[in-house]
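Listing of work_19.txt, compact mmCIF, C-alpha atoms and all ligand atoms
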# COMPACT_ATOMS: atom_id res chain seq x y z
CA PRO A 1 51.17 76.00 134.08
CA GLU A 2 54.52 75.20 132.49
CA THR A 3 54.46 75.14 128.70
CA ILE A 4 56.89 74.70 125.85
CA SER A 5 56.72 75.05 122.07
CA ILE A 6 57.10 71.97 119.89
CA GLN A 7 60.15 73.53 118.29
CA GLU A 8 61.83 74.19 121.64
CA LEU A 9 61.02 70.70 122.86
CA ALA A 10 62.51 69.23 119.68
CA ASN A 11 65.63 71.36 120.11
CA ARG A 12 66.12 70.24 123.68
CA MET A 13 65.80 66.62 122.65
CA SER A 14 68.07 67.18 119.64
CA GLU A 15 65.30 65.78 117.47
CA ARG A 16 63.81 67.33 114.35
CA SER A 17 60.53 69.12 115.01
CA VAL A 18 59.09 67.38 111.95
CA ASP A 19 59.59 64.03 113.70
CA VAL A 20 57.81 65.27 116.80
CA ILE A 21 54.95 66.56 114.63
CA LYS A 22 54.84 63.29 112.73
CA PHE A 23 54.58 61.43 116.00
CA LEU A 24 51.76 63.67 117.22
CA MET A 25 49.98 63.17 113.93
CA GLN A 26 50.09 59.40 114.45
CA GLN A 27 48.26 60.09 117.71
CA GLY A 28 45.66 62.11 115.85
CA GLN A 29 46.94 65.55 116.85
CA MET A 30 47.74 68.11 114.18
CA MET A 31 50.32 70.60 115.33
CA LYS A 32 52.86 73.10 114.02
CA PRO A 33 56.38 73.76 115.32
CA GLY A 34 55.28 77.02 116.95
CA ASP A 35 52.39 75.44 118.87
CA ILE A 36 52.62 75.56 122.63
CA ILE A 37 51.96 72.41 124.62
CA GLU A 38 51.63 71.65 128.33
CA ALA A 39 54.49 70.19 130.31
CA ASP A 40 52.68 66.87 130.82
CA LEU A 41 52.34 66.28 127.11
CA ALA A 42 55.93 67.43 126.53
CA GLU A 43 57.08 64.93 129.08
CA LEU A 44 55.19 62.10 127.42
CA ILE A 45 56.64 63.01 124.04
CA ALA A 46 60.13 63.22 125.50
CA SER A 47 59.87 59.79 127.08
CA GLU A 48 58.56 58.39 123.80
CA PHE A 49 61.71 59.73 122.13
CA GLY A 50 63.80 58.01 124.79
CA HIS A 51 64.59 61.04 126.91
CA THR A 52 64.22 61.52 130.60
CA VAL A 53 62.83 64.78 131.83
CA ARG A 54 63.14 66.72 134.98
CA ARG A 55 61.18 69.89 135.15
CA VAL A 56 62.72 72.80 136.94
CA ALA A 57 60.60 72.73 140.06
CA GLU A 58 59.91 76.07 141.65
CA SER A 59 58.40 74.96 144.92
CA ASP A 60 58.87 76.64 148.26
CA VAL A 61 60.59 73.55 149.53
CA GLU A 62 63.24 73.69 146.85
CA GLU A 63 63.62 77.43 146.99
CA GLY A 64 67.20 78.43 147.38
CA ILE A 65 68.94 75.11 146.82
CA PHE A 66 70.25 75.49 143.34
CA ASN A 67 70.54 79.23 143.08
CA VAL A 68 73.29 79.98 145.54
CA GLU A 69 75.41 82.58 143.82
CA ASP A 70 79.11 82.21 143.28
CA ASN A 71 81.11 84.91 144.99
CA VAL A 72 82.67 86.67 142.02
CA GLU A 73 85.70 87.68 144.04
CA LYS A 74 86.37 84.08 145.03
CA LEU A 75 86.27 82.63 141.52
CA GLN A 76 89.22 80.44 140.58
CA SER A 77 90.13 78.53 137.44
CA ARG A 78 88.86 74.99 137.37
CA PRO A 79 89.79 72.05 135.14
CA PRO A 80 87.74 71.48 131.98
CA VAL A 81 85.24 68.61 131.97
CA VAL A 82 85.45 66.63 128.75
CA THR A 83 83.10 64.11 127.18
CA ILE A 84 84.16 61.89 124.28
CA MET A 85 81.58 61.37 121.57
CA GLY A 86 81.43 59.85 118.13
CA HIS A 87 80.24 57.01 115.94
CA VAL A 88 80.35 53.45 117.23
CA ASP A 89 83.73 51.73 116.70
CA HIS A 90 85.51 54.98 115.88
CA GLY A 91 87.59 54.50 119.03
CA LYS A 92 85.96 56.36 121.95
CA THR A 93 86.70 53.66 124.50
CA SER A 94 90.21 53.07 123.12
CA LEU A 95 90.97 56.77 123.33
CA LEU A 96 89.66 57.08 126.90
CA ASP A 97 91.72 54.04 127.90
CA ALA A 98 94.84 55.32 126.15
CA ILE A 99 94.61 58.73 127.81
CA ARG A 100 93.98 57.17 131.19
CA LYS A 101 96.96 54.83 130.80
CA THR A 102 99.46 57.50 129.80
CA SER A 103 98.54 59.53 132.83
CA VAL A 104 98.54 56.60 135.20
CA VAL A 105 102.06 55.63 134.18
CA SER A 106 103.28 59.07 135.14
CA GLY A 107 101.07 59.20 138.22
CA GLU A 108 102.30 58.28 141.66
CA SER A 109 99.67 55.86 142.86
CA GLY A 110 101.08 52.63 141.49
CA GLY A 111 99.02 52.45 138.33
CA ILE A 112 95.84 51.21 139.93
CA THR A 113 92.79 53.05 138.75
CA GLN A 114 89.33 52.26 139.69
CA HIS A 115 86.42 52.73 137.36
CA ILE A 116 84.23 55.44 138.77
CA GLY A 117 82.74 56.81 135.55
CA ALA A 118 85.15 59.72 135.29
CA TYR A 119 88.82 60.39 135.82
CA GLN A 120 91.32 63.21 135.92
CA VAL A 121 94.64 63.44 134.12
CA GLU A 122 97.39 65.99 134.23
CA GLN A 123 99.08 67.66 131.28
CA ASP A 124 101.73 70.33 131.78
CA GLY A 125 100.73 70.51 135.44
CA GLN A 126 97.09 71.22 134.57
CA LYS A 127 94.20 68.91 135.25
CA ILE A 128 91.59 67.68 132.78
CA THR A 129 88.49 65.73 133.82
CA PHE A 130 87.17 63.07 131.46
CA ILE A 131 83.73 61.61 131.83
CA ASP A 132 83.92 58.01 130.72
CA THR A 133 80.51 56.63 131.34
CA PRO A 134 79.25 55.32 128.01
CA GLY A 135 79.54 58.76 126.46
CA HIS A 136 76.36 59.28 124.63
CA ALA A 137 73.85 58.07 127.19
CA ALA A 138 75.35 60.01 130.05
CA PHE A 139 75.60 63.17 128.02
CA THR A 140 71.98 62.93 126.93
CA ALA A 141 70.73 62.12 130.42
CA MET A 142 72.55 65.04 131.95
CA ARG A 143 71.49 67.44 129.30
CA ALA A 144 67.86 66.41 129.58
CA ARG A 145 68.03 67.15 133.28
CA GLY A 146 69.43 70.58 132.69
CA ALA A 147 72.73 69.80 134.27
CA GLU A 148 75.21 70.68 131.66
CA ALA A 149 78.26 69.08 133.07
CA THR A 150 80.41 69.06 129.96
CA ASP A 151 82.65 71.95 128.96
CA ILE A 152 84.24 70.42 125.87
CA ALA A 153 83.21 67.58 123.57
CA VAL A 154 85.94 65.57 121.89
CA LEU A 155 84.47 64.23 118.68
CA VAL A 156 86.22 61.05 117.64
CA VAL A 157 86.11 60.36 113.91
CA ALA A 158 87.91 57.34 112.48
CA ALA A 159 90.11 58.38 109.57
CA ASP A 160 89.28 55.18 107.68
CA ASP A 161 85.54 55.64 107.99
CA SER A 162 84.98 59.42 108.11
CA VAL A 163 81.72 61.10 109.10
CA MET A 164 78.94 58.64 109.99
CA PRO A 165 75.40 58.97 111.39
CA GLN A 166 76.40 59.08 115.06
CA THR A 167 79.13 61.56 114.23
CA ILE A 168 76.41 63.89 112.98
CA GLU A 169 74.24 63.14 116.00
CA SER A 170 77.14 63.99 118.29
CA ILE A 171 77.74 67.26 116.46
CA ASN A 172 74.07 68.17 116.91
CA HIS A 173 74.16 67.30 120.62
CA ALA A 174 77.24 69.39 121.21
CA LYS A 175 75.88 72.29 119.20
CA SER A 176 72.51 72.39 120.89
CA ALA A 177 74.23 72.21 124.27
CA GLY A 178 76.53 75.04 123.24
CA VAL A 179 79.59 72.90 123.96
CA PRO A 180 82.68 73.50 121.81
CA ILE A 181 83.99 70.55 119.82
CA ILE A 182 87.55 69.36 119.42
CA VAL A 183 87.99 66.81 116.65
CA ALA A 184 90.16 63.78 117.28
CA ILE A 185 90.84 62.20 113.90
CA ASN A 186 91.55 58.68 115.09
CA LYS A 187 93.12 55.56 113.55
CA ILE A 188 95.63 57.55 111.52
CA ASP A 189 97.92 54.51 111.80
CA LYS A 190 95.62 52.52 109.51
CA PRO A 191 96.56 52.09 105.83
CA GLY A 192 93.23 53.47 104.59
CA ALA A 193 93.38 56.55 106.81
CA ASP A 194 92.36 59.80 105.12
CA ALA A 195 92.34 62.73 107.52
CA SER A 196 91.47 65.30 104.87
CA LYS A 197 88.36 63.36 103.95
CA VAL A 198 87.27 63.66 107.58
CA ARG A 199 87.84 67.42 107.52
CA THR A 200 85.80 67.94 104.37
CA GLY A 201 83.13 65.57 105.69
CA LEU A 202 82.83 67.72 108.81
CA LEU A 203 82.59 70.83 106.68
CA GLN A 204 79.22 69.64 105.39
CA HIS A 205 77.94 69.63 108.95
CA GLU A 206 79.27 73.05 109.73
CA VAL A 207 82.22 71.95 111.77
CA PHE A 208 85.03 74.06 110.39
CA VAL A 209 88.47 72.95 111.49
CA GLU A 210 91.41 75.32 111.48
CA SER A 211 92.96 74.12 108.23
CA MET A 212 89.58 74.72 106.57
CA GLY A 213 89.54 78.29 107.77
CA GLY A 214 87.52 77.61 110.89
CA GLU A 215 88.19 77.69 114.60
CA VAL A 216 87.60 74.09 115.60
CA LEU A 217 90.79 72.43 116.83
CA ASP A 218 91.59 69.09 115.31
CA VAL A 219 94.28 66.56 116.16
CA GLU A 220 95.28 63.42 114.30
CA VAL A 221 95.66 60.59 116.78
CA SER A 222 95.98 56.87 117.11
CA ALA A 223 94.43 55.55 120.28
CA THR A 224 95.91 52.10 119.93
CA LYS A 225 99.41 53.29 118.98
CA GLY A 226 99.30 56.13 121.50
CA LEU A 227 100.09 58.75 118.85
CA ASN A 228 99.61 62.46 119.55
CA LEU A 229 97.66 61.99 122.74
CA ASP A 230 99.69 64.80 124.33
CA LYS A 231 98.70 67.05 121.42
CA LEU A 232 95.06 66.25 122.02
CA LEU A 233 95.40 67.09 125.73
CA GLU A 234 97.15 70.34 124.82
CA ALA A 235 94.32 71.25 122.44
CA ILE A 236 91.85 70.61 125.27
CA LEU A 237 93.80 72.88 127.59
CA LEU A 238 93.96 75.57 124.92
CA GLN A 239 90.21 75.38 124.40
CA ALA A 240 89.70 75.47 128.17
CA GLU A 241 91.79 78.60 128.41
CA LEU A 242 89.57 80.27 125.80
CA LEU A 243 86.50 79.27 127.80
CA ASP A 244 87.99 80.78 130.96
CA LEU A 245 86.34 78.20 133.22
CA LYS A 246 85.91 79.32 136.79
CA ALA A 247 84.19 78.27 139.99
CA ASP A 248 84.03 79.42 143.59
CA PRO A 249 85.64 76.67 145.69
CA GLU A 250 84.60 78.24 148.98
CA ARG A 251 80.84 78.06 148.57
CA THR A 252 78.60 75.06 149.34
CA ALA A 253 79.08 72.37 146.74
CA GLU A 254 76.86 71.51 143.79
CA GLY A 255 77.40 68.84 141.23
CA SER A 256 75.88 66.20 138.99
CA VAL A 257 75.49 62.48 139.53
CA ILE A 258 77.37 60.68 136.75
CA GLU A 259 76.62 57.15 137.89
CA ALA A 260 75.04 55.59 140.94
CA GLN A 261 74.49 52.08 142.16
CA LEU A 262 73.65 50.12 145.25
CA ASP A 263 76.81 48.38 146.40
CA LYS A 264 76.34 45.29 148.57
CA GLY A 265 78.99 46.25 151.05
CA ARG A 266 79.06 50.01 150.84
CA GLY A 267 75.40 50.89 150.32
CA PRO A 268 74.38 53.50 147.77
CA VAL A 269 77.42 54.80 145.88
CA ALA A 270 77.05 57.91 143.74
CA THR A 271 79.79 59.12 141.45
CA VAL A 272 79.45 62.86 141.46
CA LEU A 273 81.12 65.52 139.40
CA VAL A 274 81.59 68.49 141.70
CA GLN A 275 80.85 71.56 139.59
CA THR A 276 81.15 74.38 142.06
CA GLY A 277 82.09 74.69 145.71
CA THR A 278 83.99 72.04 147.62
CA LEU A 279 82.29 68.84 148.73
CA LYS A 280 83.43 67.67 152.17
CA ILE A 281 82.99 64.70 154.44
CA GLY A 282 80.11 65.40 156.81
CA ASP A 283 78.20 67.54 154.30
CA ILE A 284 74.47 66.94 154.08
CA VAL A 285 73.47 66.49 150.46
CA VAL A 286 70.36 66.09 148.34
CA ALA A 287 70.52 64.39 144.95
CA GLY A 288 67.29 63.97 143.02
CA ASP A 289 64.84 62.59 145.57
CA GLU A 290 67.50 61.07 147.81
CA TRP A 291 69.54 62.60 150.59
CA GLY A 292 72.45 61.63 152.81
CA ARG A 293 75.39 62.69 154.92
CA VAL A 294 78.74 62.29 153.16
CA ARG A 295 80.48 59.45 155.00
CA ALA A 296 83.42 59.01 152.66
CA LEU A 297 84.79 60.46 149.42
CA ILE A 298 86.84 58.28 147.10
CA ASN A 299 88.72 59.64 144.11
CA ASP A 300 89.40 58.03 140.72
CA LYS A 301 92.57 56.42 142.08
CA GLY A 302 90.64 54.64 144.81
CA GLU A 303 92.01 56.92 147.52
CA GLN A 304 89.93 58.28 150.37
CA ILE A 305 89.93 62.05 150.28
CA LYS A 306 88.54 64.61 152.70
CA GLU A 307 87.19 67.06 150.16
CA ALA A 308 86.61 67.44 146.43
CA ALA A 309 87.17 70.74 144.62
CA PRO A 310 85.35 71.96 141.46
CA SER A 311 85.60 69.63 138.41
CA THR A 312 86.65 66.69 140.59
CA PRO A 313 84.85 63.40 140.02
CA VAL A 314 84.36 61.56 143.28
CA GLU A 315 82.49 58.63 144.74
CA VAL A 316 80.15 59.73 147.48
CA LEU A 317 79.23 57.27 150.21
CA GLY A 318 76.52 57.88 152.79
CA MET A 319 73.39 58.40 150.71
CA GLN A 320 70.18 56.93 152.17
CA GLY A 321 69.06 55.76 148.74
CA THR A 322 70.46 55.54 145.22
CA PRO A 323 70.03 58.68 143.09
CA LEU A 324 69.84 58.59 139.29
CA ALA A 325 72.52 59.44 136.76
CA GLY A 326 71.94 63.03 135.74
CA ASP A 327 70.50 64.09 139.11
CA ARG A 328 71.79 67.35 140.51
CA MET A 329 73.45 67.13 143.89
CA ALA A 330 73.57 70.04 146.30
CA VAL A 331 74.70 70.58 149.85
CA VAL A 332 71.95 71.79 152.17
CA GLU A 333 72.22 73.28 155.63
CA ASN A 334 70.85 70.44 157.74
CA GLU A 335 69.26 67.01 157.83
CA GLY A 336 65.74 68.38 158.34
CA LYS A 337 65.97 70.42 155.16
CA ALA A 338 67.44 67.46 153.28
CA ARG A 339 64.61 65.15 154.35
CA GLU A 340 62.02 67.76 153.50
CA ILE A 341 63.32 68.20 149.96
CA ALA A 342 63.75 64.48 149.35
CA ASP A 343 60.25 63.72 150.71
CA TYR A 344 58.75 66.47 148.61
CA ARG A 345 60.40 65.19 145.45
CA GLN A 346 59.39 61.61 146.15
CA ARG A 347 55.81 62.75 146.63
CA VAL A 348 55.85 64.68 143.35
CA ALA A 349 57.26 61.63 141.56
CA ARG A 350 54.54 59.40 143.03
CA GLU A 351 51.80 61.85 142.11
CA LYS A 352 53.08 62.02 138.56
CA GLN A 353 53.00 58.25 138.33
CA VAL A 354 49.44 58.15 139.63
CA ALA A 355 48.37 60.87 137.20
CA LYS A 356 49.97 58.98 134.38
CA ASN A 357 48.19 55.75 135.27
CA ALA A 358 44.86 57.54 135.75
CA GLY A 359 45.15 59.39 132.46
CA GLN A 360 45.04 56.28 130.33
CA ARG A 361 41.76 57.27 128.73
CA GLY A 362 43.41 59.55 126.20
CA SER A 363 44.74 57.86 123.11
CA LEU A 364 48.13 59.51 123.48
CA GLU A 365 48.66 58.36 127.02
CA GLN A 366 47.48 54.91 126.07
CA MET A 367 50.04 54.68 123.34
CA MET A 368 52.81 55.67 125.63
CA SER A 369 52.15 54.16 129.02
P1 LIG A 401 84.06 52.84 120.32
O1 LIG A 401 82.90 52.01 119.90
O2 LIG A 401 84.01 54.20 119.70
O3 LIG A 401 84.25 52.88 121.81
O4 LIG A 401 85.36 52.15 119.67
P2 LIG A 401 86.44 51.21 120.34
O5 LIG A 401 87.37 51.98 121.19
O6 LIG A 401 85.77 50.06 120.95
O7 LIG A 401 87.27 50.77 119.06
C1 LIG A 401 86.71 50.03 118.01
C2 LIG A 401 87.77 49.22 117.31
O8 LIG A 401 88.71 50.10 116.70
C3 LIG A 401 88.58 48.36 118.27
O9 LIG A 401 88.84 47.13 117.63
C4 LIG A 401 89.86 49.13 118.47
O10 LIG A 401 90.96 48.32 118.77
C5 LIG A 401 90.03 49.82 117.13
N1 LIG A 401 90.77 51.08 117.26
C6 LIG A 401 90.49 52.11 118.07
N2 LIG A 401 91.38 53.10 117.92
C7 LIG A 401 92.25 52.68 116.98
C8 LIG A 401 93.42 53.27 116.37
O11 LIG A 401 93.84 54.38 116.68
N3 LIG A 401 94.03 52.53 115.40
C9 LIG A 401 93.59 51.32 115.02
N4 LIG A 401 94.27 50.68 114.07
N5 LIG A 401 92.51 50.74 115.58
C10 LIG A 401 91.86 51.40 116.54
MG MG A 402 83.05 52.11 123.34

For the structure just supplied, provide its representation as structure tokens.
Ligand code: GDP
Ligand code: MG
Amino acid sequence: PETISIQELANRMSERSVDVIKFLMQQGQMMKPGDIIEADLAELIASEFGHTVRRVAESDVEEGIFNVEDNVEKLQSRPPVVTIMGHVDHGKTSLLDAIRKTSVVSGESGGITQHIGAYQVEQDGQKITFIDTPGHAAFTAMRARGAEATDIAVLVVAADDSVMPQTIESINHAKSAGVPIIVAINKIDKPGADASKVRTGLLQHEVFVESMGGEVLDVEVSATKGLNLDKLLEAILLQAELLDLKADPERTAEGSVIEAQLDKGRGPVATVLVQTGTLKIGDIVVAGDEWGRVRALINDKGEQIKEAAPSTPVEVLGMQGTPLAGDRMAVVENEGKAREIADYRQRVAREKQVAKNAGQRGSLEQMMS
């Protein structure tokens, strides 16, 4: 049976183990951080802490879907995938909008962008992918599902407010995901702005920016005045270069669902970040417990495209049902295989639900159902 220690579970949820233990104690269970628990209990705890869980299933049916190896000789650089995080009102949305606008003005497609949950910009001829679903939730959902889609986290800290609770939370998320941080010190146009206070504030949470002797890049920006956005993009490219991000564009595609919804006219629409391989029209895909044949691919500019390379966000049409944000998507060889996997996963999900309902005798389950 699958097991996990309390400490490891807490780490993966970015919660303190003491809080998990406290919670268990309220349910009448005395445990220590090193204690090992079963996957079912871990899952119940995780959902109580507001996380969604997907166990790494090792069934025969799923064998071989997500472990196709990249061909080392075919590896090519790919654009970095960036998530913007930070405390509420520090300017995440403004920054995402400002970056999108600057690039759209210089872009060729008439300035019309469509919201698909992620977009790409170009700086010095190099692409950067920004995920702009409400940052925090998407990041957490994807991390909980083991699909670490983000290469770089831009931590927005308002210079007139400095480090706040969600700043610290964001730092912890990025750190436990092993994602490097770039600090965007925002609102430097404001009279009360104090960038050095932000830097020393970050110091206390072990984020050491360059001027403090560390290696974390920081850029002073103003989202609303459009100040230093190019510098921020350059810092992202520099960080990306250090990370040496690569993927094999010739293999079968894999990616993560960023958003998905049922569209009245178009049917299920999944916005997918292609992470490796190239996704093509006609491909048979599985995402979570849904499958489909790719009927159309639409990029962030609303254009129909024939294929999507690594790090490209794209809307995928043709799914039979609507997958969930955070689901992994993979191309499989044929429709039979796709149905088999989707059916299997739906059955597992149903069985879990039944087990959960049946298990309501225990006090813990009762509390949490
Ligand atoms: P979010 O909650 O992090 O997404 O923050 P928002 O982008 O919604 O911004 C919160 C408020 O701060 C809004 O009223 C913005 O107009 C304002 N704001 C954001 N960036 C700047 C900036 O660079 N300078 C100034 N003066 N205000 C800003
Ligand atoms: Mg916002």

task: Would you list the residues that come within 8 Å of ligand MG 402 (chain A)? Count only C-alpha atoms and all ligand atoms and give the answer as a ChimeraX atom specification.
output: /A:88-89,91-94,134

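The spacing separating CA of Val269 in chain A from CA of Glu351 in chain A amounts to 26.8 Å.
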
Atom C1 of ligand LIG 401 (chain A) to CA of Ala184 in chain A measures 14.2 Å

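The two atoms in question, CA of Val20 in chain A and CA of Ala42 in chain A, are spaced 10.1 Å apart.
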
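Minimum distance to ligand LIG 401 (chain A) across A:Lys127, A:Lys32, A:Lys187, A:Arg295 (counting all atoms listed in the file) occurs at A:Lys187.
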
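For the set A:Met25, A:Met13, A:Ala177, A:Leu95, the residue with the smallest atom-to-atom gap to ligand LIG 401 (chain A) is A:Leu95, counting only C-alpha atoms and all ligand atoms.
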
Write out as a PDB file with C-alpha atoms, keeping the file's coordinate frame each polymer residue (protein, DNA or RNA) that has an atom no more than 9 Å from ligand LIG 401 (chain A), with all atoms listed in the file counted.
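Contents of out23.pdb, as written:
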ATOM      1  CA  ILE A  84      84.160  61.890 124.280  1.00  0.00           C
ATOM      2  CA  MET A  85      81.580  61.370 121.570  1.00  0.00           C
ATOM      3  CA  GLY A  86      81.430  59.850 118.130  1.00  0.00           C
ATOM      4  CA  HIS A  87      80.240  57.010 115.940  1.00  0.00           C
ATOM      5  CA  VAL A  88      80.350  53.450 117.230  1.00  0.00           C
ATOM      6  CA  ASP A  89      83.730  51.730 116.700  1.00  0.00           C
ATOM      7  CA  HIS A  90      85.510  54.980 115.880  1.00  0.00           C
ATOM      8  CA  GLY A  91      87.590  54.500 119.030  1.00  0.00           C
ATOM      9  CA  LYS A  92      85.960  56.360 121.950  1.00  0.00           C
ATOM     10  CA  THR A  93      86.700  53.660 124.500  1.00  0.00           C
ATOM     11  CA  SER A  94      90.210  53.070 123.120  1.00  0.00           C
ATOM     12  CA  LEU A  95      90.970  56.770 123.330  1.00  0.00           C
ATOM     13  CA  LEU A  96      89.660  57.080 126.900  1.00  0.00           C
ATOM     14  CA  ASP A  97      91.720  54.040 127.900  1.00  0.00           C
ATOM     15  CA  PRO A 134      79.250  55.320 128.010  1.00  0.00           C
ATOM     16  CA  GLY A 135      79.540  58.760 126.460  1.00  0.00           C
ATOM     17  CA  VAL A 156      86.220  61.050 117.640  1.00  0.00           C
ATOM     18  CA  VAL A 157      86.110  60.360 113.910  1.00  0.00           C
ATOM     19  CA  ALA A 158      87.910  57.340 112.480  1.00  0.00           C
ATOM     20  CA  ALA A 159      90.110  58.380 109.570  1.00  0.00           C
ATOM     21  CA  ILE A 185      90.840  62.200 113.900  1.00  0.00           C
ATOM     22  CA  ASN A 186      91.550  58.680 115.090  1.00  0.00           C
ATOM     23  CA  LYS A 187      93.120  55.560 113.550  1.00  0.00           C
ATOM     24  CA  ILE A 188      95.630  57.550 111.520  1.00  0.00           C
ATOM     25  CA  ASP A 189      97.920  54.510 111.800  1.00  0.00           C
ATOM     26  CA  LYS A 190      95.620  52.520 109.510  1.00  0.00           C
ATOM     27  CA  PRO A 191      96.560  52.090 105.830  1.00  0.00           C
ATOM     28  CA  VAL A 221      95.660  60.590 116.780  1.00  0.00           C
ATOM     29  CA  SER A 222      95.980  56.870 117.110  1.00  0.00           C
ATOM     30  CA  ALA A 223      94.430  55.550 120.280  1.00  0.00           C
ATOM     31  CA  THR A 224      95.910  52.100 119.930  1.00  0.00           C
ATOM     32  CA  LYS A 225      99.410  53.290 118.980  1.00  0.00           C
ATOM     33  CA  GLY A 226      99.300  56.130 121.500  1.00  0.00           C
ATOM     34  CA  LEU A 227     100.090  58.750 118.850  1.00  0.00           C
TER      35      LEU A 227
END

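In this comparison, which uses only C-alpha atoms, the residue of A:Gln239, A:Gln27, A:Gln126, A:Gln320 approaching Val154 in chain A most closely is A:Gln239.
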
Residues of range 242-276 of chain A at most 6 Å from range 298-319 of chain A: nearest atom pair and distance in Å, all atoms listed in the file, as JSON lines:
{"residue": "A:Pro268", "atom": "CA", "partner": "A:Met319", "partner_atom": "CA", "distance": 5.8}
{"residue": "A:Val269", "atom": "CA", "partner": "A:Leu317", "partner_atom": "CA", "distance": 5.3}
{"residue": "A:Ala270", "atom": "CA", "partner": "A:Val316", "partner_atom": "CA", "distance": 5.2}
{"residue": "A:Thr271", "atom": "CA", "partner": "A:Glu315", "partner_atom": "CA", "distance": 4.3}
{"residue": "A:Val272", "atom": "CA", "partner": "A:Val314", "partner_atom": "CA", "distance": 5.4}
{"residue": "A:Leu273", "atom": "CA", "partner": "A:Pro313", "partner_atom": "CA", "distance": 4.3}
{"residue": "A:Val274", "atom": "CA", "partner": "A:Pro310", "partner_atom": "CA", "distance": 5.1}
{"residue": "A:Gln275", "atom": "CA", "partner": "A:Pro310", "partner_atom": "CA", "distance": 4.9}
{"residue": "A:Thr276", "atom": "CA", "partner": "A:Pro310", "partner_atom": "CA", "distance": 4.9}

From the list A:Leu44, A:Leu243, A:Leu9, A:Val216, the nearest residue to Lys352 in chain A using all atoms listed in the file is A:Leu44

Per-axis box centre and lengths in Å around range 344-348 of chain A, 5 Å margin per side, axis-aligned, as JSON:
{"center_x": 58.1, "center_y": 64.0, "center_z": 146.0, "size_x": 14.6, "size_y": 14.9, "size_z": 15.3}

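When only C-alpha atoms are used to compute distances to Ile21 in chain A, the closest of the residues A:Asp161, A:Ile341, A:Gly214, A:Ile37 turns out to be A:Ile37.
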
Got a sec to check which residues sit within 10 Å of (58.6, 57.9, 120.0), counting all atoms listed in the file, and write them as an mmCIF file with C-alpha atoms, keeping the file's coordinate frame?
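What ended up in part_10.cif:
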data_model
loop_
_atom_site.group_PDB
_atom_site.id
_atom_site.type_symbol
_atom_site.label_atom_id
_atom_site.label_comp_id
_atom_site.auth_asym_id
_atom_site.auth_seq_id
_atom_site.Cartn_x
_atom_site.Cartn_y
_atom_site.Cartn_z
ATOM 1 C CA ASP A 19 59.590 64.030 113.700
ATOM 2 C CA VAL A 20 57.810 65.270 116.800
ATOM 3 C CA LYS A 22 54.840 63.290 112.730
ATOM 4 C CA PHE A 23 54.580 61.430 116.000
ATOM 5 C CA LEU A 24 51.760 63.670 117.220
ATOM 6 C CA LEU A 44 55.190 62.100 127.420
ATOM 7 C CA ILE A 45 56.640 63.010 124.040
ATOM 8 C CA ALA A 46 60.130 63.220 125.500
ATOM 9 C CA SER A 47 59.870 59.790 127.080
ATOM 10 C CA GLU A 48 58.560 58.390 123.800
ATOM 11 C CA PHE A 49 61.710 59.730 122.130
ATOM 12 C CA GLY A 50 63.800 58.010 124.790
ATOM 13 C CA HIS A 51 64.590 61.040 126.910
ATOM 14 C CA MET A 367 50.040 54.680 123.340
ATOM 15 C CA MET A 368 52.810 55.670 125.630
#

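The residue that comes closest to Leu75 in chain A, out of A:Gly288, A:Val348, A:Asp248, A:Leu324 and on the basis of only C-alpha atoms, is A:Asp248.
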
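Every protein or nucleic acid residue with an atom no more than 9 Å from Asp218 in chain A, counting all atoms listed in the file and leaving out same-chain residues fewer than 4 positions away, appears here: Ile181, Ile182, Val183, Ala184, Ile185, Arg199, Val209, Glu210, Ser211, Leu232 and Ala235 of chain A.
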
Surrounding residues of range 328-331 of chain A excluding itself and chain neighbours under 3 positions, 7 Å, all atoms listed in the file, as a ChimeraX atom specification: /A:65,147,252-257,283-288
